[in-house]
Every structure is written in C-alpha cells, then in structure tokens.
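Chemist: Have a peek at data-v9.cif (mmCIF, C-alpha atoms and all ligand atoms).
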data_work
loop_
_atom_site.group_PDB
_atom_site.id
_atom_site.type_symbol
_atom_site.label_atom_id
_atom_site.label_comp_id
_atom_site.auth_asym_id
_atom_site.auth_seq_id
_atom_site.Cartn_x
_atom_site.Cartn_y
_atom_site.Cartn_z
ATOM 1 C CA MET A 226 -4.728 86.328 40.338
ATOM 2 C CA PRO A 227 -3.552 87.659 43.695
ATOM 3 C CA GLU A 228 -2.049 91.152 43.480
ATOM 4 C CA LEU A 229 -0.496 93.306 46.189
ATOM 5 C CA PRO A 230 -3.700 93.871 48.238
ATOM 6 C CA GLU A 231 -4.499 90.146 48.305
ATOM 7 C CA VAL A 232 -0.970 89.176 49.407
ATOM 8 C CA GLU A 233 -0.948 91.983 51.999
ATOM 9 C CA THR A 234 -4.305 90.757 53.339
ATOM 10 C CA ILE A 235 -2.836 87.266 53.741
ATOM 11 C CA ARG A 236 0.303 88.688 55.383
ATOM 12 C CA ARG A 237 -1.720 90.685 57.912
ATOM 13 C CA GLU A 238 -3.938 87.720 58.742
ATOM 14 C CA LEU A 239 -1.143 85.180 59.017
ATOM 15 C CA GLU A 240 1.427 87.168 60.974
ATOM 16 C CA PRO A 241 -0.333 87.069 64.362
ATOM 17 C CA LEU A 242 -1.350 83.430 63.789
ATOM 18 C CA ILE A 243 2.034 81.932 62.939
ATOM 19 C CA SER A 244 4.717 84.215 64.449
ATOM 20 C CA GLY A 245 6.734 82.255 67.018
ATOM 21 C CA LYS A 246 5.655 78.865 65.598
ATOM 22 C CA ILE A 247 8.318 76.215 65.033
ATOM 23 C CA PHE A 248 8.198 74.045 61.903
ATOM 24 C CA VAL A 249 8.330 70.253 62.054
ATOM 25 C CA ARG A 250 9.107 68.277 58.886
ATOM 26 C CA PRO A 251 6.970 69.488 55.953
ATOM 27 C CA VAL A 252 4.786 67.190 53.837
ATOM 28 C CA LEU A 253 5.265 67.833 50.118
ATOM 29 C CA HIS A 254 2.189 66.535 48.270
ATOM 30 C CA MET A 255 3.528 68.117 45.084
ATOM 31 C CA PRO A 256 7.324 68.429 45.425
ATOM 32 C CA SER A 257 7.695 70.576 42.277
ATOM 33 C CA THR A 258 6.055 73.426 44.226
ATOM 34 C CA ILE A 259 9.466 73.874 45.862
ATOM 35 C CA GLU A 260 11.542 75.994 43.496
ATOM 36 C CA SER A 261 14.725 76.007 45.573
ATOM 37 C CA PRO A 262 16.650 74.354 47.204
ATOM 38 C CA SER A 263 16.223 70.606 46.557
ATOM 39 C CA VAL A 264 13.185 68.971 48.121
ATOM 40 C CA GLU A 265 15.344 67.110 50.654
ATOM 41 C CA GLU A 266 17.297 70.218 51.625
ATOM 42 C CA PHE A 267 14.085 72.236 51.903
ATOM 43 C CA SER A 268 12.549 69.709 54.288
ATOM 44 C CA THR A 269 15.666 69.230 56.411
ATOM 45 C CA THR A 270 16.524 72.926 56.652
ATOM 46 C CA LEU A 271 12.998 74.139 57.449
ATOM 47 C CA THR A 272 12.529 71.607 60.262
ATOM 48 C CA GLY A 273 13.118 73.252 63.649
ATOM 49 C CA ARG A 274 13.085 76.832 62.337
ATOM 50 C CA THR A 275 11.039 79.485 64.173
ATOM 51 C CA ILE A 276 8.931 82.137 62.407
ATOM 52 C CA GLU A 277 9.887 85.676 63.435
ATOM 53 C CA ASN A 278 7.678 87.876 61.266
ATOM 54 C CA LEU A 279 6.117 88.265 57.820
ATOM 55 C CA THR A 280 6.963 90.912 55.249
ATOM 56 C CA ARG A 281 6.152 91.350 51.565
ATOM 57 C CA ARG A 282 7.711 92.643 48.354
ATOM 58 C CA GLY A 283 5.148 93.151 45.603
ATOM 59 C CA LYS A 284 3.328 89.834 45.296
ATOM 60 C CA TYR A 285 5.980 87.851 47.204
ATOM 61 C CA LEU A 286 5.145 86.836 50.770
ATOM 62 C CA ILE A 287 8.339 86.725 52.839
ATOM 63 C CA ILE A 288 8.334 84.622 56.011
ATOM 64 C CA ASN A 289 11.389 85.584 58.057
ATOM 65 C CA LEU A 290 12.774 82.760 60.218
ATOM 66 C CA ASP A 291 15.289 82.666 63.084
ATOM 67 C CA ARG A 292 17.678 81.333 60.444
ATOM 68 C CA GLY A 293 16.749 81.649 56.789
ATOM 69 C CA ILE A 294 13.753 83.009 54.896
ATOM 70 C CA LEU A 295 10.760 81.148 53.444
ATOM 71 C CA VAL A 296 9.243 82.845 50.375
ATOM 72 C CA VAL A 297 5.842 82.164 48.795
ATOM 73 C CA HIS A 298 4.530 83.382 45.423
ATOM 74 C CA LEU A 299 0.877 82.453 44.823
ATOM 75 C CA ARG A 300 0.961 83.195 41.065
ATOM 76 C CA MET A 301 -2.463 82.423 39.497
ATOM 77 C CA THR A 302 -4.439 80.356 41.979
ATOM 78 C CA GLY A 303 -2.293 79.687 45.054
ATOM 79 C CA ASN A 304 -3.654 80.218 48.527
ATOM 80 C CA LEU A 305 -2.528 79.677 52.095
ATOM 81 C CA SER A 306 -4.642 78.506 54.952
ATOM 82 C CA TYR A 307 -3.875 78.179 58.646
ATOM 83 C CA SER A 308 -5.380 75.304 60.588
ATOM 84 C CA VAL A 309 -5.363 75.166 64.406
ATOM 85 C CA ASN A 310 -5.756 71.378 64.530
ATOM 86 C CA GLY A 311 -3.378 70.824 61.601
ATOM 87 C CA GLN A 312 -6.034 69.326 59.314
ATOM 88 C CA PRO A 313 -6.375 70.865 55.816
ATOM 89 C CA ARG A 314 -9.846 72.255 55.024
ATOM 90 C CA GLU A 315 -9.872 69.945 51.983
ATOM 91 C CA GLU A 316 -7.531 67.544 50.158
ATOM 92 C CA ARG A 317 -8.247 68.924 46.688
ATOM 93 C CA PHE A 318 -5.380 71.008 45.290
ATOM 94 C CA LEU A 319 -3.362 70.593 48.518
ATOM 95 C CA ARG A 320 0.292 70.939 47.428
ATOM 96 C CA VAL A 321 2.342 71.532 50.585
ATOM 97 C CA SER A 322 1.604 71.075 54.290
ATOM 98 C CA LEU A 323 3.811 72.928 56.775
ATOM 99 C CA PRO A 324 3.014 71.604 60.253
ATOM 100 C CA PHE A 325 4.213 73.227 63.489
ATOM 101 C CA THR A 326 5.323 71.734 66.829
ATOM 102 C CA ASP A 327 1.997 72.742 68.456
ATOM 103 C CA GLU A 328 0.116 70.564 65.895
ATOM 104 C CA SER A 329 -1.313 73.501 63.996
ATOM 105 C CA ALA A 330 -0.269 73.841 60.353
ATOM 106 C CA LEU A 331 -0.025 76.111 57.335
ATOM 107 C CA HIS A 332 -1.381 74.560 54.122
ATOM 108 C CA TYR A 333 -0.615 75.653 50.580
ATOM 109 C CA PHE A 334 -3.302 74.968 47.928
ATOM 110 C CA ASP A 335 -2.980 75.640 44.207
ATOM 111 C CA MET A 336 -5.351 74.539 41.458
ATOM 112 C CA ARG A 337 -3.225 75.698 38.511
ATOM 113 C CA ARG A 338 0.120 74.724 40.150
ATOM 114 C CA PHE A 339 2.088 77.809 39.070
ATOM 115 C CA GLY A 340 2.797 79.020 42.612
ATOM 116 C CA ARG A 341 6.221 78.419 44.152
ATOM 117 C CA LEU A 342 8.038 78.258 47.489
ATOM 118 C CA TRP A 343 11.702 79.048 48.138
ATOM 119 C CA LEU A 344 13.864 78.636 51.220
ATOM 120 C CA VAL A 345 16.957 80.849 51.256
ATOM 121 C CA ALA A 346 19.726 81.274 53.821
ATOM 122 C CA ASN A 347 19.712 85.060 54.234
ATOM 123 C CA ARG A 348 18.730 88.426 52.738
ATOM 124 C CA GLU A 349 21.527 88.341 50.213
ATOM 125 C CA GLU A 350 20.252 85.038 48.821
ATOM 126 C CA LEU A 351 16.707 86.421 48.911
ATOM 127 C CA HIS A 352 17.791 89.149 46.513
ATOM 128 C CA THR A 353 20.034 87.052 44.261
ATOM 129 C CA LYS A 354 17.889 83.906 44.068
ATOM 130 C CA VAL A 355 14.306 85.153 44.316
ATOM 131 C CA LEU A 356 13.924 88.925 43.892
ATOM 132 C CA LYS A 357 16.675 89.582 41.352
ATOM 133 C CA ARG A 358 14.357 91.068 38.713
ATOM 134 C CA VAL A 359 11.727 92.424 41.096
ATOM 135 C CA GLY A 360 11.528 96.201 41.475
ATOM 136 C CA PRO A 361 10.743 98.131 44.671
ATOM 137 C CA ASP A 362 7.398 97.518 46.356
ATOM 138 C CA ILE A 363 5.011 100.094 44.875
ATOM 139 C CA LEU A 364 3.198 100.649 48.180
ATOM 140 C CA GLU A 365 6.059 100.575 50.701
ATOM 141 C CA GLU A 366 9.209 101.519 48.826
ATOM 142 C CA VAL A 367 8.231 104.114 46.207
ATOM 143 C CA ASP A 368 7.623 107.716 47.262
ATOM 144 C CA LEU A 369 6.604 110.407 44.758
ATOM 145 C CA GLU A 370 10.194 111.429 44.105
ATOM 146 C CA LYS A 371 11.224 107.844 43.365
ATOM 147 C CA PHE A 372 8.132 107.343 41.206
ATOM 148 C CA LEU A 373 9.075 110.365 39.081
ATOM 149 C CA LYS A 374 12.622 109.037 38.775
ATOM 150 C CA LEU A 375 11.445 105.540 37.752
ATOM 151 C CA LEU A 376 9.016 106.963 35.172
ATOM 152 C CA GLY A 377 11.772 109.184 33.824
ATOM 153 C CA LYS A 378 13.749 106.090 32.817
ATOM 154 C CA ARG A 379 10.798 104.552 30.976
ATOM 155 C CA GLN A 380 9.392 107.498 29.005
ATOM 156 C CA ARG A 381 8.501 105.456 25.915
ATOM 157 C CA SER A 382 6.624 102.688 27.751
ATOM 158 C CA LYS A 383 2.852 102.622 27.670
ATOM 159 C CA ILE A 384 1.527 103.283 31.128
ATOM 160 C CA LYS A 385 -0.549 100.107 31.525
ATOM 161 C CA ALA A 386 2.358 97.853 30.506
ATOM 162 C CA LEU A 387 4.695 99.783 32.760
ATOM 163 C CA LEU A 388 2.518 99.439 35.852
ATOM 164 C CA LEU A 389 2.180 95.692 35.196
ATOM 165 C CA ASP A 390 5.961 95.320 34.844
ATOM 166 C CA GLN A 391 7.161 93.911 38.181
ATOM 167 C CA GLY A 392 10.704 95.016 37.354
ATOM 168 C CA PHE A 393 9.543 98.660 37.222
ATOM 169 C CA ALA A 394 7.770 98.417 40.551
ATOM 170 C CA ALA A 395 6.282 95.384 42.266
ATOM 171 C CA GLY A 396 2.714 94.690 43.278
ATOM 172 C CA MET A 397 0.297 95.956 40.623
ATOM 173 C CA GLY A 398 -1.650 93.458 38.498
ATOM 174 C CA ASN A 399 -4.396 93.721 35.911
ATOM 175 C CA ILE A 400 -7.304 94.588 38.207
ATOM 176 C CA TYR A 401 -5.705 97.354 40.274
ATOM 177 C CA THR A 402 -3.923 98.862 37.250
ATOM 178 C CA ASP A 403 -7.228 99.348 35.398
ATOM 179 C CA GLU A 404 -8.904 100.736 38.508
ATOM 180 C CA CYS A 405 -6.092 103.155 39.191
ATOM 181 C CA LEU A 406 -5.865 104.492 35.617
ATOM 182 C CA HIS A 407 -9.631 105.056 35.647
ATOM 183 C CA ARG A 408 -9.465 106.836 38.988
ATOM 184 C CA CYS A 409 -6.945 109.378 37.664
ATOM 185 C CA ASN A 410 -8.514 109.626 34.145
ATOM 186 C CA ILE A 411 -5.456 108.356 32.250
ATOM 187 C CA HIS A 412 -5.833 106.249 29.095
ATOM 188 C CA PRO A 413 -4.055 102.865 29.431
ATOM 189 C CA ARG A 414 -2.218 103.397 26.124
ATOM 190 C CA ARG A 415 -0.636 106.738 27.062
ATOM 191 C CA GLN A 416 3.139 106.806 26.973
ATOM 192 C CA ALA A 417 4.753 107.486 30.331
ATOM 193 C CA GLY A 418 6.619 110.434 28.791
ATOM 194 C CA SER A 419 3.357 112.098 27.731
ATOM 195 C CA LEU A 420 2.105 112.558 31.291
ATOM 196 C CA SER A 421 2.271 116.073 32.706
ATOM 197 C CA ARG A 422 3.676 116.625 36.180
ATOM 198 C CA THR A 423 0.118 117.003 37.513
ATOM 199 C CA GLU A 424 -1.046 113.810 35.797
ATOM 200 C CA THR A 425 1.943 111.933 37.179
ATOM 201 C CA GLU A 426 1.170 113.143 40.700
ATOM 202 C CA GLU A 427 -2.479 112.155 40.261
ATOM 203 C CA LEU A 428 -1.446 108.722 38.989
ATOM 204 C CA TYR A 429 0.824 108.241 41.984
ATOM 205 C CA ALA A 430 -1.980 109.235 44.366
ATOM 206 C CA ALA A 431 -4.428 106.932 42.550
ATOM 207 C CA ILE A 432 -2.079 103.945 42.869
ATOM 208 C CA LYS A 433 -1.734 104.450 46.620
ATOM 209 C CA ALA A 434 -5.471 105.023 47.073
ATOM 210 C CA VAL A 435 -6.613 102.023 45.020
ATOM 211 C CA LEU A 436 -4.175 99.675 46.747
ATOM 212 C CA ALA A 437 -5.187 101.003 50.173
ATOM 213 C CA ASP A 438 -8.867 100.460 49.313
ATOM 214 C CA GLY A 439 -8.110 96.931 48.076
ATOM 215 C CA ILE A 440 -6.393 96.092 51.367
ATOM 216 C CA GLU A 441 -9.201 97.662 53.402
ATOM 217 C CA TYR A 442 -11.746 95.406 51.686
ATOM 218 C CA GLY A 443 -9.610 92.277 52.103
ATOM 219 C CA GLY A 444 -8.723 92.000 48.405
ATOM 220 C CA THR A 445 -10.709 91.130 45.294
ATOM 221 C CA THR A 446 -12.195 87.701 44.646
ATOM 222 C CA PHE A 447 -13.278 86.747 41.144
ATOM 223 C CA ARG A 448 -12.596 83.031 41.192
ATOM 224 C CA ASP A 449 -9.860 81.577 43.324
ATOM 225 C CA TYR A 450 -8.532 84.137 45.746
ATOM 226 C CA ARG A 451 -9.299 83.290 49.353
ATOM 227 C CA ASN A 452 -7.918 84.764 52.532
ATOM 228 C CA THR A 453 -6.263 82.503 55.108
ATOM 229 C CA SER A 454 -9.553 81.426 56.689
ATOM 230 C CA GLY A 455 -11.035 80.548 53.284
ATOM 231 C CA ALA A 456 -13.206 83.672 53.069
ATOM 232 C CA ILE A 457 -13.408 85.816 49.938
ATOM 233 C CA GLY A 458 -12.400 89.486 49.621
ATOM 234 C CA SER A 459 -15.006 92.155 48.916
ATOM 235 C CA PHE A 460 -13.241 94.765 46.770
ATOM 236 C CA GLN A 461 -14.934 93.318 43.661
ATOM 237 C CA SER A 462 -18.087 95.197 44.750
ATOM 238 C CA LYS A 463 -16.101 98.474 44.641
ATOM 239 C CA LEU A 464 -14.602 98.054 41.159
ATOM 240 C CA ALA A 465 -15.370 100.991 38.874
ATOM 241 C CA VAL A 466 -14.183 99.554 35.525
ATOM 242 C CA TYR A 467 -12.530 96.146 35.808
ATOM 243 C CA GLY A 468 -14.865 93.432 34.509
ATOM 244 C CA CYS A 469 -17.529 96.083 33.786
ATOM 245 C CA LYS A 470 -17.603 96.051 29.951
ATOM 246 C CA GLY A 471 -20.802 97.674 28.645
ATOM 247 C CA GLU A 472 -21.787 99.002 32.056
ATOM 248 C CA LYS A 473 -22.126 102.712 32.740
ATOM 249 C CA CYS A 474 -19.200 104.718 34.045
ATOM 250 C CA ARG A 475 -19.808 107.444 36.686
ATOM 251 C CA CYS A 476 -19.921 109.863 33.687
ATOM 252 C CA GLY A 477 -22.707 107.938 31.923
ATOM 253 C CA ALA A 478 -20.556 106.607 29.043
ATOM 254 C CA LYS A 479 -20.175 102.864 28.478
ATOM 255 C CA ILE A 480 -17.048 101.102 29.713
ATOM 256 C CA GLU A 481 -15.041 99.441 26.951
ATOM 257 C CA LYS A 482 -12.679 96.493 26.863
ATOM 258 C CA ILE A 483 -9.501 96.478 24.775
ATOM 259 C CA THR A 484 -6.345 94.382 24.796
ATOM 260 C CA GLU A 485 -3.274 96.204 26.060
ATOM 261 C CA ALA A 486 0.023 94.684 27.216
ATOM 262 C CA GLY A 487 -1.523 91.321 26.288
ATOM 263 C CA ARG A 488 -4.220 91.709 28.930
ATOM 264 C CA GLY A 489 -7.926 92.442 28.847
ATOM 265 C CA THR A 490 -8.080 96.126 29.744
ATOM 266 C CA TYR A 491 -11.182 98.013 30.875
ATOM 267 C CA TYR A 492 -11.486 101.790 30.582
ATOM 268 C CA CYS A 493 -13.902 104.635 29.989
ATOM 269 C CA PRO A 494 -13.341 106.297 26.578
ATOM 270 C CA ASN A 495 -14.984 109.467 27.869
ATOM 271 C CA CYS A 496 -13.087 109.925 31.179
ATOM 272 C CA GLN A 497 -9.694 108.484 30.269
ATOM 273 C CA LYS A 498 -7.767 110.605 27.797
HETATM 274 ZN ZN ZN B 1 -16.386 107.830 32.306
#
Before we go any further, please render this structure as structure tokens.
Ligand SMILES: [Zn+2]

Modeler:
Amino acid sequence: MPELPEVETIRRELEPLISGKIFVRPVLHMPSTIESPSVEEFSTTLTGRTIENLTRRGKYLIINLDRGILVVHLRMTGNLSYSVNGQPREERFLRVSLPFTDESALHYFDMRRFGRLWLVANREELHTKVLKRVGPDILEEVDLEKFLKLLGKRQRSKIKALLLDQGFAAGMGNIYTDECLHRCNIHPRRQAGSLSRTETEELYAAIKAVLADGIEYGGTTFRDYRNTSGAIGSFQSKLAVYGCKGEKCRCGAKIEKITEAGRGTYYCPNCQK
C-alpha cells in the first residue's frame, strides 16, 4: 500500500513530465474510479485544463490546474504511469486514461479498485470535499512544536494506532510506522502520554529520518507499488523490522509479529520498550 514516500516519489517523477500539459477528453475505463463530480462533469471540466504543478498531502497526490485541482488517492494498489506516445504499458487493470494535447498521456491502473480521483474547483473545495478529515502532512507541515501539541491532545492513544491515524497527521502507513518505532526504540503499544520529552523528540526525529530514507530509495515495493515508469522502489532492502518476523534484530534478538491497531506489527521485544 503506497504511503507518503511512495506518493512523494511519484510526485517528484511526474511533476517535470506533466507540468504545462493540457488535458484532452479523458477515457474512463472504470467510471466508478471518479469519486466526484459526476463522470460527465469530470470529463467536460478537465478537458482543456493545464497542469501547473504537483503537491501532496499525506497520501493524496494533488495536481494543481490553471482552473481547478485534480486529486488522486492510490489506496491499496493504484499506480500512475506516464506514456510519451499515449499508449498504456498494458490493458490489464487500466481504469482511467488522461491524454494530453501533445498525444502523451497519464494512465491510472488499479488491481483492487479502491483508488479514487476527484476534480474540485478550488482550494476551499479541496478541503471541504476531499481533505476534510485529513490531518497536516507529517513531513511538510508538522514541526517538533506542532508534533508535541498534537500528541498532547491524544495522550491515551497507543502510539502505533496514532501514527496510522490520518486525522492525527497524514502520510504514515504500516511499513514506515513499524520502521520508525524500531528506530527510536519505542514499543508500538506505548500510550502517547507515557513518552518522555526525550522519547518524543527521538520519535519525531525517527519519523522524519525514516520517511526521508524511504523517499531517497524511491519507496518500498512488496507487491504492487510501482513508480511512474513501472520500476519498483528499493527501500524494502533497508527495512529493519517490517516483514522480518523471526529474523535477527541489530541487537541479536528475534523480531516478533503482533497485531496492533488491527495491523500486523513487527517489533523487537529487546530494543523496543
Ligand atoms: Zn533489537
């Protein structure tokens, strides 16, 4: 499942490729991919719009247009691919084709079909219609002071569940949460209110460091994540705990797997207290 580093990788790759491109009428192979507005309004309104730049909030990719904003959430298995000649790399799982006036195109693929696209008129609609329950971007919009303030409001929450909660802060998913808690030696079941000031600062630093590493390696690919040219990320080779049940931690102890916040959670019982 794409998390912040995967979406940021896609954003960085796509921005130079598609900025300045003008959409022609989209081809909706699976119309239910469009969450809002209606399929007809989506197609009519997007046609003729120019891409200005790409931003991101958590796992949402935000494509800013000369008028309006196109938003993409990849959910479980969505991916985007840019094609210079406009042809999709394959037909399988192709849900939406977004061709441009220069005959190149952006294609949206999704095996599981949970991903969604929105087209909104302006920033106000972006916040009311798409990002209403989405917290600040954990990488770009949360400094240490804000992090302390946010944690202060959620003292009774367990730390793993809290980091996964996109309403608390947006961007972290299962993989990077486990990696970050291992990096700062914090047990996933600790309550936020039990963390000392030093532990909180170390957690904050670990979040930033793990996400930065994930972006540097082009994201993590277990099954479906692909970057915009169809290549896989390489952060999976750097994972210290996620998916490593029974393997040795840096301390020599065996990594364990538990269920926390409804998710398979990997940690080291020796390092993480
Ligand atoms: Zn350990």

Chemist: Which residues come within 7 Å of stretch 253-270 of chain A, counting all atoms listed in the file, excluding same-chain residues fewer than 3 positions away, as number ranges by chain?

Modeler: A: 250, 319-322, 340-344

Chemist: Interatomic distance between atom CA of A:Cys493 and atom CA of A:Ile480?

Modeler: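 It comes out at 4.7 Å.
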
Chemist: Can you tell me which residues sit at most 6 Å away from ligand ZN 1 (chain B), counting all atoms listed in the file, written as an NGL selection string?

Modeler: :A and (474-476 or 478 or 493 or 495-496)

Chemist: What gap, in Å, lies between atom CA of A:Phe447 and atom CA of A:Ser244?

Modeler: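 One can read the atom CA of A:Phe447 to atom CA of A:Ser244 distance as 29.6 Å.
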
Chemist: Which of these residues is nearest to A:Lys433, using only C-alpha atoms: A:Asp403, A:Asp335, A:Glu365, A:Asp449?

Modeler: A:Glu365

Chemist: Extract, using all atoms listed in the file, all DNA, RNA and protein residues at most 7 Å from A:Glu404, discarding same-chain residues fewer than 4 positions from it, and format them as an MDAnalysis selection string.

Modeler: chainID A and resid 400 408 464:467

Chemist: Selected by the PyMOL selection byres (((chain A and resi 309) around 8) and not hetatm) in the shown coordinates: which residues, as JSON, numbers by chain?

Modeler: {"A": [307, 308, 310, 311, 312, 328, 329, 330]}

Chemist: With distances taken over all atoms listed in the file, which of A:Phe325, A:Tyr492, A:Phe318, A:Tyr333 is nearest to A:Lys470?

Modeler: A:Tyr492

Chemist: Using the chain letters and numbers from the file, give me the residues hit by the PyMOL selection byres (((chain A and resi 435) around 9) and not hetatm), as a PyMOL selection string.

Modeler: chain A and resi 401-402+404-405+408+430-434+436-440

Chemist: Which of these, A:Gly455, A:Pro413, A:Pro361, A:Pro251, has the shortest distance to A:Gln497 once you count all atoms listed in the file?

Modeler: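 Smallest separation from A:Gln497 among the options: A:Pro413.
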
Chemist: At what distance in Å, to one decimal, does atom CA of A:Thr445 lie from atom CA of A:Asn399?

Modeler: 11.6 Å

Chemist: Evaluate the PyMOL selection byres (((chain A and resi 234) around 10) and not hetatm) on the structure here and hand back the selected residues as a VMD selection string.

Modeler: chain A and resid 229 to 233 235 to 239 439 to 444 451 to 453 458

Chemist: From the list A:Ala394, A:Leu420, A:Ile243, A:Val297, which residue is nearest A:Asp368 when using only C-alpha atoms?

Modeler: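 Looking at the shortest contact to A:Asp368, the residue is A:Ala394.
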
Chemist: Extract, using only C-alpha atoms, all DNA, RNA and protein residues at most 10 Å from A:Glu366, discarding same-chain residues fewer than 3 positions from it, and format them as a PyMOL selection string.

Modeler: chain A and resi 282-283+360-363+371-372+394-395

Chemist: Which is closer to A:Ile247 than all the others in A:Glu485, A:Asp327, A:Asp390, A:Glu228, using only C-alpha atoms?

Modeler: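 Closest to A:Ile247 of all the choices is A:Asp327.
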
Chemist: Using all atoms listed in the file, find the one residue out of A:Arg488, A:His332, A:Arg317, A:Lys378 that sits nearest to A:Phe393.

Modeler: A:Lys378

Chemist: Return the padded bounding box of stretch 242-261 of chain A as lines of an AutoDock Vina configuration file: axis-aligned, built from all atoms listed in the file, 5 Å added on each side, with centre and edge lengths in Å to one decimal.

Modeler:
center_x = 6.7
center_y = 75.4
center_z = 54.6
size_x = 26.1
size_y = 27.7
size_z = 34.7

Chemist: If you count only C-alpha atoms, which residues fall within 8 Å of A:Met301, apart from same-chain ones fewer than 3 positions away, as a ChimeraX atom specification?

Modeler: /A:226-227,337,339-340

Chemist: Grab stretch 311-371 of chain A from that structure and dump C-alpha atoms to a file, as an mmCIF file, in the first residue's frame.

Modeler:
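Saved file out36.cif follows:
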data_model
loop_
_atom_site.group_PDB
_atom_site.id
_atom_site.type_symbol
_atom_site.label_atom_id
_atom_site.label_comp_id
_atom_site.auth_asym_id
_atom_site.auth_seq_id
_atom_site.Cartn_x
_atom_site.Cartn_y
_atom_site.Cartn_z
ATOM 1 C CA GLY A 311 -0.061 7.905 -25.136
ATOM 2 C CA GLN A 312 -0.225 4.096 -25.180
ATOM 3 C CA PRO A 313 -0.725 2.346 -21.802
ATOM 4 C CA ARG A 314 2.032 -0.133 -20.875
ATOM 5 C CA GLU A 315 -0.710 -2.773 -20.549
ATOM 6 C CA GLU A 316 -4.517 -3.015 -20.679
ATOM 7 C CA ARG A 317 -4.847 -5.078 -17.502
ATOM 8 C CA PHE A 318 -6.194 -3.074 -14.554
ATOM 9 C CA LEU A 319 -6.282 0.137 -16.640
ATOM 10 C CA ARG A 320 -9.023 2.267 -15.024
ATOM 11 C CA VAL A 321 -8.578 5.822 -16.322
ATOM 12 C CA SER A 322 -6.632 7.302 -19.238
ATOM 13 C CA LEU A 323 -5.870 11.029 -19.145
ATOM 14 C CA PRO A 324 -4.494 12.022 -22.553
ATOM 15 C CA PHE A 325 -2.845 15.377 -23.302
ATOM 16 C CA THR A 326 -2.905 17.608 -26.406
ATOM 17 C CA ASP A 327 0.656 16.519 -27.333
ATOM 18 C CA GLU A 328 -0.548 12.866 -27.555
ATOM 19 C CA SER A 329 1.235 11.772 -24.409
ATOM 20 C CA ALA A 330 -0.955 10.508 -21.566
ATOM 21 C CA LEU A 331 -1.197 9.726 -17.871
ATOM 22 C CA HIS A 332 -2.688 6.296 -17.112
ATOM 23 C CA TYR A 333 -4.207 5.161 -13.836
ATOM 24 C CA PHE A 334 -4.046 1.409 -13.051
ATOM 25 C CA ASP A 335 -5.597 -0.305 -10.041
ATOM 26 C CA MET A 336 -5.934 -4.035 -9.440
ATOM 27 C CA ARG A 337 -8.046 -3.812 -6.271
ATOM 28 C CA ARG A 338 -10.082 -0.776 -7.478
ATOM 29 C CA PHE A 339 -10.098 1.124 -4.170
ATOM 30 C CA GLY A 340 -8.220 4.157 -5.508
ATOM 31 C CA ARG A 341 -10.139 7.326 -6.364
ATOM 32 C CA LEU A 342 -9.894 10.547 -8.372
ATOM 33 C CA TRP A 343 -11.575 13.867 -7.582
ATOM 34 C CA LEU A 344 -11.825 17.097 -9.543
ATOM 35 C CA VAL A 345 -12.582 20.154 -7.412
ATOM 36 C CA ALA A 346 -12.990 23.822 -8.314
ATOM 37 C CA ASN A 347 -10.582 25.418 -5.832
ATOM 38 C CA ARG A 348 -8.660 25.038 -2.561
ATOM 39 C CA GLU A 349 -11.748 25.547 -0.460
ATOM 40 C CA GLU A 350 -13.468 22.616 -2.168
ATOM 41 C CA LEU A 351 -10.257 20.599 -1.843
ATOM 42 C CA HIS A 352 -10.503 20.956 1.922
ATOM 43 C CA THR A 353 -14.267 20.501 2.280
ATOM 44 C CA LYS A 354 -14.760 17.702 -0.262
ATOM 45 C CA VAL A 355 -11.529 15.702 -0.147
ATOM 46 C CA LEU A 356 -9.273 16.533 2.816
ATOM 47 C CA LYS A 357 -11.904 17.268 5.459
ATOM 48 C CA ARG A 358 -10.718 14.573 7.882
ATOM 49 C CA VAL A 359 -7.067 14.557 6.829
ATOM 50 C CA GLY A 360 -4.557 15.996 9.296
ATOM 51 C CA PRO A 361 -1.425 18.001 8.448
ATOM 52 C CA ASP A 362 1.232 16.349 6.298
ATOM 53 C CA ILE A 363 3.636 14.677 8.736
ATOM 54 C CA LEU A 364 6.703 15.508 6.634
ATOM 55 C CA GLU A 365 5.924 19.036 5.413
ATOM 56 C CA GLU A 366 3.503 20.554 7.896
ATOM 57 C CA VAL A 367 4.451 19.239 11.349
ATOM 58 C CA ASP A 368 7.445 20.716 13.167
ATOM 59 C CA LEU A 369 8.530 19.473 16.607
ATOM 60 C CA GLU A 370 6.429 22.057 18.414
ATOM 61 C CA LYS A 371 3.309 21.077 16.473
#
